[in-house]
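Enquirer: Pasting structure.tsv below, which is TSV, C-alpha atoms and all ligand atoms.
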chain	number	residue	atom	x	y	z
A	7	MET	CA	38.19	45.87	-51.35
A	8	SER	CA	38.76	49.51	-52.25
A	9	GLN	CA	36.20	52.17	-51.42
A	10	GLN	CA	35.45	52.42	-55.13
A	11	ASP	CA	34.77	48.68	-55.37
A	12	GLY	CA	32.52	48.89	-52.31
A	13	GLU	CA	30.55	51.74	-53.83
A	14	LYS	CA	30.24	49.86	-57.11
A	15	LYS	CA	29.00	46.79	-55.28
A	16	GLN	CA	26.47	48.94	-53.45
A	17	GLU	CA	25.31	50.40	-56.75
A	18	GLU	CA	24.90	46.92	-58.18
A	19	LYS	CA	22.75	45.70	-55.30
A	20	LYS	CA	19.41	44.79	-56.75
A	21	PRO	CA	16.29	46.23	-55.17
A	22	LYS	CA	14.32	43.51	-53.47
A	23	ALA	CA	10.56	43.12	-53.08
A	24	VAL	CA	8.24	40.73	-51.31
A	25	ALA	CA	5.15	39.90	-53.36
A	26	LEU	CA	1.78	38.84	-52.01
A	27	LEU	CA	1.16	36.07	-54.49
A	28	SER	CA	-2.34	34.64	-54.90
A	29	GLY	CA	-1.85	32.40	-57.92
A	30	GLY	CA	-4.17	34.57	-60.01
A	31	LEU	CA	-3.19	36.66	-63.00
A	32	ASP	CA	-2.86	40.06	-61.32
A	33	SER	CA	-0.28	39.21	-58.69
A	34	SER	CA	1.79	37.19	-61.13
A	35	LEU	CA	1.78	40.15	-63.57
A	36	ALA	CA	2.90	42.42	-60.73
A	37	VAL	CA	5.83	40.07	-60.10
A	38	ARG	CA	6.72	39.93	-63.80
A	39	MET	CA	6.75	43.73	-63.97
A	40	MET	CA	9.23	43.80	-61.12
A	41	LEU	CA	11.43	41.06	-62.53
A	42	GLU	CA	11.46	42.91	-65.85
A	43	GLN	CA	12.86	45.94	-63.99
A	44	GLY	CA	15.59	43.88	-62.42
A	45	VAL	CA	14.02	43.67	-58.97
A	46	GLU	CA	14.66	40.55	-56.95
A	47	VAL	CA	11.34	39.10	-55.77
A	48	GLU	CA	10.31	36.61	-53.12
A	49	ALA	CA	6.68	35.68	-52.62
A	50	VAL	CA	4.39	35.15	-49.68
A	51	ALA	CA	1.17	33.19	-50.21
A	52	ILE	CA	-1.56	33.33	-47.62
A	53	LYS	CA	-3.90	30.51	-46.82
A	54	THR	CA	-6.94	31.41	-44.75
A	55	PRO	CA	-9.43	28.83	-43.48
A	56	PHE	CA	-11.70	29.98	-46.32
A	57	CYS	CA	-9.55	29.51	-49.37
A	58	ASP	CA	-7.90	26.27	-50.17
A	59	PHE	CA	-4.93	25.80	-52.44
A	60	ASP	CA	-6.35	22.48	-53.56
A	61	CYS	CA	-10.00	23.31	-54.10
A	62	GLY	CA	-9.52	24.27	-57.71
A	63	LYS	CA	-10.93	27.76	-57.31
A	64	GLY	CA	-9.57	29.18	-54.08
A	65	CYS	CA	-7.46	32.31	-53.74
A	66	GLY	CA	-4.32	30.23	-53.59
A	67	HIS	CA	-4.95	27.83	-56.42
A	68	ARG	CA	-1.90	27.16	-58.54
A	69	VAL	CA	0.19	29.40	-56.34
A	70	LYS	CA	3.08	27.00	-56.06
A	71	GLU	CA	3.11	26.36	-59.81
A	72	VAL	CA	2.97	30.10	-60.48
A	73	ALA	CA	5.92	30.77	-58.16
A	74	ASP	CA	7.88	28.04	-59.92
A	75	GLU	CA	7.00	29.46	-63.33
A	76	LEU	CA	8.17	32.88	-62.14
A	77	GLY	CA	11.33	31.33	-60.72
A	78	ILE	CA	10.86	32.95	-57.32
A	79	LYS	CA	10.98	31.63	-53.76
A	80	LEU	CA	7.66	31.11	-52.03
A	81	LYS	CA	6.75	31.18	-48.37
A	82	THR	CA	3.27	30.08	-47.36
A	83	VAL	CA	1.68	31.65	-44.31
A	84	TYR	CA	-1.31	29.93	-42.72
A	85	PHE	CA	-3.88	31.99	-40.86
A	86	GLY	CA	-5.83	30.01	-38.29
A	87	GLU	CA	-7.53	31.02	-35.07
A	88	GLU	CA	-6.32	34.60	-35.27
A	89	TYR	CA	-8.20	34.88	-38.55
A	90	LEU	CA	-11.40	33.56	-36.97
A	91	ARG	CA	-11.03	36.02	-34.12
A	92	MET	CA	-10.77	38.86	-36.63
A	93	LEU	CA	-13.73	37.45	-38.59
A	94	LYS	CA	-15.94	37.46	-35.52
A	95	ASP	CA	-15.69	41.24	-35.26
A	96	PRO	CA	-13.73	42.86	-38.08
A	97	LYS	CA	-12.82	46.46	-37.38
A	98	TYR	CA	-13.80	47.53	-40.90
A	99	GLY	CA	-16.84	45.31	-41.25
A	100	TYR	CA	-17.92	42.89	-43.97
A	101	GLY	CA	-18.43	43.19	-47.70
A	102	SER	CA	-21.49	41.85	-49.49
A	103	GLY	CA	-21.05	38.48	-47.78
A	104	MET	CA	-19.08	37.68	-44.63
A	105	ASN	CA	-15.87	38.83	-46.32
A	106	PRO	CA	-13.91	41.18	-44.05
A	107	CYS	CA	-11.67	42.26	-46.92
A	108	ILE	CA	-10.03	45.30	-45.35
A	109	ASP	CA	-9.08	43.51	-42.13
A	110	CYS	CA	-8.13	40.41	-44.07
A	111	ARG	CA	-5.83	42.35	-46.40
A	112	GLY	CA	-4.38	44.06	-43.34
A	113	MET	CA	-3.36	40.66	-41.97
A	114	MET	CA	-1.88	39.73	-45.33
A	115	TYR	CA	0.12	42.97	-45.47
A	116	ASN	CA	1.41	42.23	-41.99
A	117	ALA	CA	2.59	38.79	-43.09
A	118	ALA	CA	4.31	40.33	-46.12
A	119	LYS	CA	5.84	43.01	-43.91
A	120	ASP	CA	7.28	40.35	-41.58
A	121	HIS	CA	8.85	38.58	-44.52
A	122	MET	CA	10.11	41.86	-45.92
A	123	GLU	CA	11.85	42.67	-42.65
A	124	LYS	CA	13.28	39.17	-42.28
A	125	THR	CA	14.67	39.06	-45.78
A	126	GLY	CA	15.87	42.65	-45.90
A	127	ALA	CA	13.57	43.48	-48.81
A	128	ASP	CA	12.91	47.11	-49.69
A	129	PHE	CA	9.17	47.04	-50.27
A	130	VAL	CA	6.08	44.90	-50.79
A	131	ILE	CA	4.19	44.47	-54.04
A	132	THR	CA	0.64	43.28	-54.60
A	133	GLY	CA	-1.54	42.58	-57.62
A	134	GLU	CA	-4.22	44.97	-56.40
A	135	VAL	CA	-5.98	46.95	-59.08
A	136	LEU	CA	-7.65	50.20	-58.17
A	137	PHE	CA	-11.47	49.89	-58.20
A	138	GLN	CA	-11.40	46.22	-59.11
A	139	ARG	CA	-13.05	45.12	-55.87
A	140	PRO	CA	-15.56	47.40	-54.23
A	141	MET	CA	-14.58	46.88	-50.61
A	142	SER	CA	-10.83	46.63	-50.51
A	143	GLN	CA	-9.51	48.19	-53.69
A	144	ASN	CA	-10.51	51.83	-53.58
A	145	ASN	CA	-8.14	54.64	-52.61
A	146	ARG	CA	-9.47	54.94	-49.07
A	147	ALA	CA	-9.35	51.20	-48.37
A	148	LEU	CA	-5.86	50.80	-49.81
A	149	HIS	CA	-4.67	53.64	-47.62
A	150	ILE	CA	-6.34	52.20	-44.50
A	151	ILE	CA	-4.89	48.74	-45.05
A	152	GLU	CA	-1.43	50.18	-45.56
A	153	LYS	CA	-1.71	52.38	-42.47
A	154	GLU	CA	-3.04	49.59	-40.25
A	155	ALA	CA	-0.06	47.45	-41.18
A	156	GLY	CA	2.40	50.29	-40.62
A	157	MET	CA	3.37	50.07	-44.28
A	158	GLU	CA	2.62	53.55	-45.56
A	159	GLY	CA	4.61	54.26	-48.69
A	160	ARG	CA	6.06	50.77	-48.74
A	161	VAL	CA	3.40	48.92	-50.75
A	162	LEU	CA	3.68	49.16	-54.49
A	163	ARG	CA	0.78	48.03	-56.70
A	164	PRO	CA	2.55	47.86	-60.05
A	165	LEU	CA	-0.61	47.35	-62.12
A	166	SER	CA	-2.27	50.56	-60.93
A	167	ALA	CA	0.73	52.53	-59.64
A	168	LYS	CA	0.26	55.48	-61.98
A	169	HIS	CA	-3.17	56.13	-60.44
A	170	LEU	CA	-1.82	55.98	-56.87
A	171	PRO	CA	0.48	58.25	-54.88
A	172	PRO	CA	4.18	57.52	-55.53
A	173	THR	CA	5.61	54.98	-53.11
A	174	ASN	CA	8.99	55.27	-51.41
A	175	ALA	CA	10.45	52.85	-53.96
A	176	GLU	CA	9.42	55.16	-56.78
A	177	LYS	CA	10.49	58.34	-54.97
A	178	SER	CA	13.94	56.97	-54.21
A	179	GLY	CA	14.44	55.74	-57.77
A	180	LEU	CA	14.51	52.02	-56.94
A	181	ILE	CA	11.62	51.70	-59.37
A	182	LYS	CA	10.87	53.75	-62.45
A	183	ARG	CA	7.34	55.09	-62.11
A	184	GLU	CA	7.09	55.55	-65.87
A	185	ASN	CA	7.33	51.77	-66.26
A	186	MET	CA	4.41	51.17	-63.92
A	187	GLY	CA	0.87	50.28	-64.97
A	188	ASP	CA	-2.19	52.49	-65.24
A	189	ILE	CA	-4.89	49.83	-65.04
A	190	LYS	CA	-8.01	50.46	-63.02
A	191	GLY	CA	-11.55	49.12	-62.83
A	192	ARG	CA	-13.10	45.73	-63.29
A	193	SER	CA	-12.34	45.17	-66.97
A	194	ARG	CA	-9.62	42.60	-67.57
A	195	LYS	CA	-8.47	44.17	-70.83
A	196	GLY	CA	-5.37	45.81	-69.38
A	197	GLN	CA	-4.26	42.62	-67.65
A	198	LEU	CA	-4.79	40.52	-70.77
A	199	ALA	CA	-2.75	42.95	-72.85
A	200	MET	CA	-0.02	42.77	-70.24
A	201	ALA	CA	-0.20	38.97	-70.21
A	202	LYS	CA	0.32	39.06	-73.97
A	203	HIS	CA	3.32	41.33	-73.50
A	204	PHE	CA	4.84	38.73	-71.17
A	205	GLY	CA	4.06	35.93	-73.63
A	206	LEU	CA	1.48	34.23	-71.43
A	207	ALA	CA	-0.60	32.27	-73.91
A	208	ASP	CA	-2.92	30.83	-71.30
A	209	PRO	CA	-3.01	33.27	-68.40
A	210	PRO	CA	-4.43	31.93	-65.13
A	211	ASN	CA	-7.92	33.11	-64.18
A	212	ALA	CA	-8.31	35.95	-61.76
A	213	ALA	CA	-7.95	34.64	-58.25
A	214	GLY	CA	-10.87	35.26	-55.95
A	215	GLY	CA	-12.46	32.00	-54.92
A	216	CYS	CA	-12.72	33.08	-51.30
A	217	LEU	CA	-15.66	31.26	-49.73
A	218	LEU	CA	-16.50	34.29	-47.62
A	219	THR	CA	-17.79	36.07	-50.73
A	220	ASP	CA	-20.20	33.21	-51.47
A	221	PRO	CA	-23.71	34.21	-50.29
A	222	ALA	CA	-24.80	30.69	-49.30
A	223	PHE	CA	-21.58	29.94	-47.46
A	224	SER	CA	-21.70	33.35	-45.78
A	225	LYS	CA	-25.05	32.43	-44.21
A	226	ARG	CA	-23.41	29.44	-42.58
A	227	VAL	CA	-20.54	31.56	-41.31
A	228	GLU	CA	-22.93	34.15	-39.94
A	229	ASP	CA	-24.93	31.42	-38.20
A	230	ILE	CA	-21.91	29.86	-36.54
A	231	MET	CA	-20.56	33.24	-35.44
A	232	ASP	CA	-23.96	34.14	-33.98
A	233	TYR	CA	-24.32	30.91	-32.06
A	234	CYS	CA	-20.82	30.19	-30.78
A	235	ASP	CA	-19.76	31.63	-27.43
A	236	ASP	CA	-16.29	32.71	-28.46
A	237	ILE	CA	-14.95	31.72	-31.87
A	238	PRO	CA	-15.66	28.55	-33.83
A	239	SER	CA	-12.92	25.94	-34.10
A	240	LEU	CA	-11.10	25.27	-37.35
A	241	ASN	CA	-12.90	21.91	-37.37
A	242	ASP	CA	-16.24	23.79	-37.21
A	243	ILE	CA	-15.17	25.79	-40.25
A	244	GLU	CA	-14.18	22.67	-42.20
A	245	LEU	CA	-17.59	21.23	-41.40
A	246	LEU	CA	-19.24	24.33	-42.89
A	247	LYS	CA	-17.80	23.34	-46.26
A	248	VAL	CA	-19.72	20.08	-46.60
A	249	GLY	CA	-23.29	18.83	-46.40
A	250	ARG	CA	-26.68	20.35	-45.70
A	251	HIS	CA	-26.80	22.31	-42.45
A	252	PHE	CA	-29.74	22.55	-40.08
A	253	ARG	CA	-29.95	24.86	-37.07
A	254	LEU	CA	-32.02	22.86	-34.59
A	255	THR	CA	-31.60	24.92	-31.41
A	256	ALA	CA	-29.33	27.73	-30.26
A	257	ASP	CA	-26.61	25.23	-29.49
A	258	ALA	CA	-27.45	22.31	-31.76
A	259	LYS	CA	-26.68	21.94	-35.43
A	260	LEU	CA	-27.03	18.92	-37.68
A	261	VAL	CA	-24.90	18.39	-40.78
A	262	VAL	CA	-26.13	15.89	-43.38
A	263	GLY	CA	-23.79	14.52	-46.05
A	264	ARG	CA	-24.93	14.91	-49.67
A	265	ASN	CA	-22.87	12.12	-51.19
A	266	LYS	CA	-20.30	9.47	-50.39
A	267	ASP	CA	-17.35	11.86	-50.43
A	268	GLU	CA	-19.05	14.28	-48.08
A	269	ASN	CA	-20.00	11.40	-45.77
A	270	GLU	CA	-16.31	10.52	-45.54
A	271	VAL	CA	-15.31	14.12	-44.82
A	272	ILE	CA	-17.97	14.37	-42.13
A	273	LYS	CA	-16.76	11.13	-40.51
A	274	ALA	CA	-13.21	12.46	-40.51
A	275	LEU	CA	-14.35	15.65	-38.77
A	276	VAL	CA	-16.32	13.99	-35.99
A	277	THR	CA	-15.10	15.12	-32.56
A	278	GLN	CA	-15.57	13.56	-29.16
A	279	ASN	CA	-18.92	15.06	-28.26
A	280	ASP	CA	-20.52	14.74	-31.68
A	281	ILE	CA	-23.31	12.26	-32.32
A	282	VAL	CA	-23.33	10.43	-35.65
A	283	PHE	CA	-26.54	9.21	-37.30
A	284	GLU	CA	-26.93	6.77	-40.21
A	285	ALA	CA	-29.97	4.86	-41.48
A	286	LYS	CA	-29.38	1.27	-40.43
A	287	ASP	CA	-31.02	-0.72	-43.21
A	288	TYR	CA	-30.93	1.72	-46.11
A	289	VAL	CA	-28.39	3.69	-48.07
A	290	GLY	CA	-28.28	7.21	-46.71
A	291	PRO	CA	-26.18	10.10	-45.48
A	292	THR	CA	-23.79	10.32	-42.58
A	293	CYS	CA	-25.16	13.00	-40.28
A	294	VAL	CA	-23.42	14.66	-37.38
A	295	LEU	CA	-25.08	16.48	-34.52
A	296	ARG	CA	-22.85	19.07	-32.93
A	297	SER	CA	-24.39	20.40	-29.74
A	298	LYS	CA	-23.52	21.14	-26.14
A	299	LYS	CA	-26.33	19.02	-24.79
A	300	HIS	CA	-28.91	16.67	-26.22
A	301	ASP	CA	-32.11	14.99	-25.12
A	302	GLU	CA	-34.31	12.26	-26.51
A	303	GLU	CA	-36.42	14.65	-28.55
A	304	LEU	CA	-33.38	16.18	-30.25
A	305	VAL	CA	-31.91	12.77	-31.02
A	306	LYS	CA	-35.21	11.63	-32.53
A	307	LYS	CA	-35.40	14.76	-34.66
A	308	CYS	CA	-31.91	14.12	-36.04
A	309	ALA	CA	-32.77	10.48	-36.72
A	310	SER	CA	-35.85	11.54	-38.67
A	311	ILE	CA	-33.79	14.00	-40.75
A	312	ALA	CA	-31.22	11.27	-41.45
A	313	LEU	CA	-34.05	9.04	-42.71
A	314	ARG	CA	-35.51	11.85	-44.82
A	315	TYR	CA	-32.33	11.91	-46.94
A	316	SER	CA	-31.96	8.11	-47.07
A	317	ASP	CA	-33.60	5.47	-49.25
A	318	ALA	CA	-35.87	4.45	-46.37
A	319	PRO	CA	-39.62	4.48	-47.18
A	320	LYS	CA	-41.11	7.90	-46.45
A	321	ASP	CA	-44.31	6.58	-44.88
A	322	ALA	CA	-42.92	4.01	-42.44
A	323	GLU	CA	-40.65	3.93	-39.42
A	324	SER	CA	-37.06	2.73	-39.86
A	325	LYS	CA	-34.05	2.18	-37.67
A	326	VAL	CA	-31.24	4.70	-37.34
A	327	ARG	CA	-27.81	3.79	-35.99
A	328	ILE	CA	-26.41	6.31	-33.54
A	329	ALA	CA	-22.80	6.58	-32.38
A	330	ILE	CA	-21.89	8.61	-29.32
A	331	ASN	CA	-18.29	8.53	-28.16
A	332	GLY	CA	-17.72	5.16	-29.82
A	333	THR	CA	-20.83	3.62	-28.29
A	334	GLU	CA	-23.48	2.50	-30.75
A	335	THR	CA	-27.19	2.47	-30.17
A	336	GLU	CA	-30.34	2.55	-32.30
A	337	VAL	CA	-33.50	4.57	-32.50
A	338	ILE	CA	-36.67	4.09	-34.55
A	339	ALA	CA	-38.12	7.12	-36.33
A	340	LEU	CA	-40.30	8.30	-39.18
A	341	PRO	CA	-38.59	10.31	-41.95
A	342	ALA	CA	-38.95	14.04	-41.35
A	343	ASP	CA	-41.35	16.12	-43.36
A	344	SER	CA	-39.56	18.37	-45.86
A	345	SER	CA	-41.69	21.43	-45.10
A	346	GLU	CA	-40.79	21.16	-41.43
A	347	ILE	CA	-37.04	20.84	-41.88
A	348	ASP	CA	-36.73	23.39	-44.68
A	349	THR	CA	-37.31	26.13	-42.12
A	350	MET	CA	-34.24	24.93	-40.18
A	351	ARG	CA	-31.96	24.88	-43.19
A	352	ILE	CA	-29.03	27.27	-43.09
B	1	LIG	S1	-11.99	38.03	-50.78
B	1	LIG	FE1	-11.64	39.44	-49.07
B	1	LIG	S2	-11.87	38.17	-47.24
B	1	LIG	FE2	-11.56	36.77	-48.96
B	1	LIG	S3	-9.35	36.36	-49.02
B	1	LIG	FE3	-9.75	38.06	-50.44
B	1	LIG	S4	-9.46	39.91	-49.18
B	1	LIG	FE4	-9.68	38.18	-47.77
Would you mind giving the structure from this file in structure tokens?
Ligand code: SF4
Expert:
Amino acid sequence: MSQQDGEKKQEEKKPKAVALLSGGLDSSLAVRMMLEQGVEVEAVAIKTPFCDFDCGKGCGHRVKEVADELGIKLKTVYFGEEYLRMLKDPKYGYGSGMNPCIDCRGMMYNAAKDHMEKTGADFVITGEVLFQRPMSQNNRALHIIEKEAGMEGRVLRPLSAKHLPPTNAEKSGLIKRENMGDIKGRSRKGQLAMAKHFGLADPPNAAGGCLLTDPAFSKRVEDIMDYCDDIPSLNDIELLKVGRHFRLTADAKLVVGRNKDENEVIKALVTQNDIVFEAKDYVGPTCVLRSKKHDEELVKKCASIALRYSDAPKDAESKVRIAINGTETEVIALPADSSEIDTMRI
């Protein structure tokens, strides 16, 4: 190959970006803007213990379908215990719930950076829109996240780029800044206009079903973080997603299924030291006591709560089946009084 051919080939090399793809409208628009400019794009999708690709509303819903529609490769990165460790004490604190958005985005940027380095991409793109989310999408937060991940100048937010300092990709001419977006704020008007431009008749909803922004769920997370010695297990987190939760003592919590499906999930999550309670002669919930130690009084209390949510008569004693480590036993109890147990509800 002559030097001229080599130079031509170099000139023809497409710029390459790694996108943080959530499955929502914003990140898929960011990808489309890049593809329209001739940039090669690969995507990274992040799954935390608090958003589920299959829950129908989580941050990652539809992400696989969206990547397929965009015709780009997708790599899924799962955050597990390291995420819980960060959540226990996030450097930049929590948002309105237990959402540690700045630290969380920092971890996501790191994952995208890894993929960028592995694939030889030039920069990372995200669907972030300036001022769309109070905690993580203001100038200061965007700068912090970028800095923490060692990605200064290498993260392009195509939707808001004109409101942000030029990135390396723009400065070096890989990307034309004049073709970038100038959307900011919480209105979706700009994104919908852009969706129309790309011929998206039925654009996906904005992503953002993270459970950590849910006030009721956040209370459960706060409770488990307060009461566990180190970090909760991933099983503990799954258990937070089902049932009614009761804090009985500093190290004892009871989870009561609300329907048949939840009862099945609870059964599937039972671990070796858990104690399972079910009304023996009546239809009722599956309940699991998770505690370091238990005594007769605690067991009786759990049995009475199990009866409270069963079809057992409220004014008479009934039997409750108890399973500990595969051994079954029974206890007789009166259904608990609602006013008493309401105070324990998380
Ligand atoms: S809402 Fe915040 S904590 Fe939840 S996934 Fe998004 S950035 Fe992370």
Enquirer: Tell me, counting only C-alpha atoms and all ligand atoms, for each residue of chain A within 9 Å of ligand LIG 1 (chain B), which pair of atoms is nearest and how far apart they are in Å to one decimal, in rows ordered by chain and increasing number, as JSON lines.
Expert:
{"residue": "A:Ile52", "atom": "CA", "partner": "B:LIG1", "partner_atom": "S3", "distance": 8.5}
{"residue": "A:Lys53", "atom": "CA", "partner": "B:LIG1", "partner_atom": "S3", "distance": 8.3}
{"residue": "A:Thr54", "atom": "CA", "partner": "B:LIG1", "partner_atom": "S3", "distance": 7.0}
{"residue": "A:Phe56", "atom": "CA", "partner": "B:LIG1", "partner_atom": "FE2", "distance": 7.3}
{"residue": "A:Cys57", "atom": "CA", "partner": "B:LIG1", "partner_atom": "S3", "distance": 6.9}
{"residue": "A:Gly64", "atom": "CA", "partner": "B:LIG1", "partner_atom": "S3", "distance": 8.8}
{"residue": "A:Cys65", "atom": "CA", "partner": "B:LIG1", "partner_atom": "S3", "distance": 6.5}
{"residue": "A:Leu93", "atom": "CA", "partner": "B:LIG1", "partner_atom": "S2", "distance": 8.9}
{"residue": "A:Tyr100", "atom": "CA", "partner": "B:LIG1", "partner_atom": "S2", "distance": 8.3}
{"residue": "A:Gly101", "atom": "CA", "partner": "B:LIG1", "partner_atom": "FE1", "distance": 7.9}
{"residue": "A:Met104", "atom": "CA", "partner": "B:LIG1", "partner_atom": "S2", "distance": 7.7}
{"residue": "A:Asn105", "atom": "CA", "partner": "B:LIG1", "partner_atom": "S2", "distance": 4.2}
{"residue": "A:Pro106", "atom": "CA", "partner": "B:LIG1", "partner_atom": "S2", "distance": 4.8}
{"residue": "A:Cys107", "atom": "CA", "partner": "B:LIG1", "partner_atom": "FE1", "distance": 3.5}
{"residue": "A:Ile108", "atom": "CA", "partner": "B:LIG1", "partner_atom": "S4", "distance": 6.6}
{"residue": "A:Asp109", "atom": "CA", "partner": "B:LIG1", "partner_atom": "FE4", "distance": 7.8}
{"residue": "A:Cys110", "atom": "CA", "partner": "B:LIG1", "partner_atom": "FE4", "distance": 4.6}
{"residue": "A:Arg111", "atom": "CA", "partner": "B:LIG1", "partner_atom": "S4", "distance": 5.2}
{"residue": "A:Gly112", "atom": "CA", "partner": "B:LIG1", "partner_atom": "S4", "distance": 8.8}
{"residue": "A:Met113", "atom": "CA", "partner": "B:LIG1", "partner_atom": "FE4", "distance": 8.9}
{"residue": "A:Met114", "atom": "CA", "partner": "B:LIG1", "partner_atom": "FE4", "distance": 8.3}
{"residue": "A:Arg139", "atom": "CA", "partner": "B:LIG1", "partner_atom": "S1", "distance": 8.8}
{"residue": "A:Met141", "atom": "CA", "partner": "B:LIG1", "partner_atom": "FE1", "distance": 8.1}
{"residue": "A:Ser142", "atom": "CA", "partner": "B:LIG1", "partner_atom": "S4", "distance": 7.0}
{"residue": "A:Ala213", "atom": "CA", "partner": "B:LIG1", "partner_atom": "FE3", "distance": 8.7}
{"residue": "A:Gly214", "atom": "CA", "partner": "B:LIG1", "partner_atom": "S1", "distance": 6.0}
{"residue": "A:Gly215", "atom": "CA", "partner": "B:LIG1", "partner_atom": "S1", "distance": 7.3}
{"residue": "A:Cys216", "atom": "CA", "partner": "B:LIG1", "partner_atom": "FE2", "distance": 4.5}
{"residue": "A:Leu217", "atom": "CA", "partner": "B:LIG1", "partner_atom": "FE2", "distance": 6.9}
{"residue": "A:Leu218", "atom": "CA", "partner": "B:LIG1", "partner_atom": "FE2", "distance": 5.7}
{"residue": "A:Thr219", "atom": "CA", "partner": "B:LIG1", "partner_atom": "S1", "distance": 6.1}
Enquirer: Skip region 32-38 of chain A itself and residues of its chain fewer than 6 positions away, then list as a PyMOL selection string all residues within 10 Å of it, counting only C-alpha atoms.
Expert: chain A and resi 23-26+44-49+69+72-73+75-76+78+131-135+162-166+186-187+194+197-198+200-201+204+206+209-213
Enquirer: Hey, which of A:Asn116, A:Thr125, A:Asn185, A:Thr349 ends up closest to Ile151 (chain A)? Count only C-alpha atoms.
Expert: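 Residue with the minimum atom-to-atom distance to Ile151 (chain A): A:Asn116.
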Enquirer: Rounded to one decimal in Å, what is the spacing between CA of Met92 (chain A) and CA of Lys153 (chain A)?
Expert: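 Pair CA of Met92 (chain A) / CA of Lys153 (chain A) returns 17.3 Å.
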Enquirer: Rank A:Leu41, A:Ile328, A:Leu340, A:Ala285 by their smallest atom-to-atom distance to Ile181 (chain A), using all atoms listed in the file, and report the top residue only.
Expert: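 Nearest to Ile181 (chain A): A:Leu41.
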Enquirer: So which one's closest to Asp128 (chain A), A:His149, A:Arg327, A:Arg160, A:Lys97? Using all atoms listed in the file, please.
Expert: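 Nearest candidate to Asp128 (chain A) out of A:His149, A:Arg327, A:Arg160, A:Lys97: A:Arg160.
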Enquirer: Any idea what the distance is between CA of Leu148 (chain A) and CA of Ser178 (chain A)?
Expert: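 Interatomic distance here is 21.2 Å.
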Enquirer: Which residues are near Leu295 (chain A)? Cut-off 6 Å, only C-alpha atoms, ignore same chain within fewer than 5 positions. Put them as a list in words.
Expert: Lys259, Leu260, Asp280 and Ile281 of chain A
Enquirer: With C-alpha atoms retained, write the just-selected residues as a PDB file, in the frame of the given file.
Expert:
ATOM      1  CA  LYS A 259     -26.680  21.940 -35.430  1.00  0.00           C
ATOM      2  CA  LEU A 260     -27.030  18.920 -37.680  1.00  0.00           C
ATOM      3  CA  ASP A 280     -20.520  14.740 -31.680  1.00  0.00           C
ATOM      4  CA  ILE A 281     -23.310  12.260 -32.320  1.00  0.00           C
TER       5      ILE A 281
END
Enquirer: Please measure the separation of CA of Gly99 (chain A) and CA of Glu244 (chain A), giving the value in Å to one decimal.
Expert: 22.8 Å
Enquirer: A:Lys70, A:Phe85, A:Ala118, A:Leu254: which is nearest Gly156 (chain A), counting all atoms listed in the file?
Expert: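 The answer is A:Ala118, which sits nearest to Gly156 (chain A).
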Enquirer: Please identify every residue of region 40-124 of chain A that has at least one atom no farther than 7 Å from an atom of region 231-237 of chain A, counting all atoms listed in the file, and for each give the shortest atom pair and the distance in Å to one decimal, arranged by chain then increasing number, as JSON lines.
Expert:
{"residue": "A:Leu90", "atom": "CA", "partner": "A:Ile237", "partner_atom": "CA", "distance": 6.5}
{"residue": "A:Arg91", "atom": "CA", "partner": "A:Ile237", "partner_atom": "CA", "distance": 6.2}
{"residue": "A:Lys94", "atom": "CA", "partner": "A:Met231", "partner_atom": "CA", "distance": 6.3}
Enquirer: Using all atoms listed in the file, which residue out of A:Arg68, A:Lys202, A:Arg250, A:Lys182 lies closest to Pro21 (chain A)?
Expert: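 For Pro21 (chain A), the nearest of the given residues is A:Lys182.
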Enquirer: Reconstruct region 231-239 of chain A at the level of N, CA and C atoms, and format the result as a PDB file, keeping the file's coordinate frame.
Expert:
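The result, written out as selection02.pdb:
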ATOM      1  N   MET A 231     -21.080  32.129 -36.248  1.00  0.00           N
ATOM      2  CA  MET A 231     -20.560  33.240 -35.440  1.00  0.00           C
ATOM      3  C   MET A 231     -21.619  33.704 -34.441  1.00  0.00           C
ATOM      4  N   ASP A 232     -22.874  33.713 -34.880  1.00  0.00           N
ATOM      5  CA  ASP A 232     -23.960  34.140 -33.980  1.00  0.00           C
ATOM      6  C   ASP A 232     -24.143  33.181 -32.812  1.00  0.00           C
ATOM      7  N   TYR A 233     -23.970  31.895 -33.084  1.00  0.00           N
ATOM      8  CA  TYR A 233     -24.320  30.910 -32.060  1.00  0.00           C
ATOM      9  C   TYR A 233     -23.145  30.370 -31.243  1.00  0.00           C
ATOM     10  N   CYS A 234     -21.908  30.721 -31.616  1.00  0.00           N
ATOM     11  CA  CYS A 234     -20.820  30.190 -30.780  1.00  0.00           C
ATOM     12  C   CYS A 234     -20.460  31.218 -29.709  1.00  0.00           C
ATOM     13  N   ASP A 235     -20.030  30.722 -28.553  1.00  0.00           N
ATOM     14  CA  ASP A 235     -19.760  31.630 -27.430  1.00  0.00           C
ATOM     15  C   ASP A 235     -18.576  32.535 -27.728  1.00  0.00           C
ATOM     16  N   ASP A 236     -17.496  31.942 -28.206  1.00  0.00           N
ATOM     17  CA  ASP A 236     -16.290  32.710 -28.460  1.00  0.00           C
ATOM     18  C   ASP A 236     -16.041  32.711 -29.968  1.00  0.00           C
ATOM     19  N   ILE A 237     -15.139  31.863 -30.420  1.00  0.00           N
ATOM     20  CA  ILE A 237     -14.950  31.720 -31.870  1.00  0.00           C
ATOM     21  C   ILE A 237     -15.121  30.243 -32.223  1.00  0.00           C
ATOM     22  N   PRO A 238     -15.558  29.948 -33.446  1.00  0.00           N
ATOM     23  CA  PRO A 238     -15.660  28.550 -33.830  1.00  0.00           C
ATOM     24  C   PRO A 238     -14.276  27.921 -33.941  1.00  0.00           C
ATOM     25  N   SER A 239     -14.221  26.600 -33.908  1.00  0.00           N
ATOM     26  CA  SER A 239     -12.920  25.940 -34.100  1.00  0.00           C
ATOM     27  C   SER A 239     -12.655  25.804 -35.589  1.00  0.00           C
TER      28      SER A 239
END
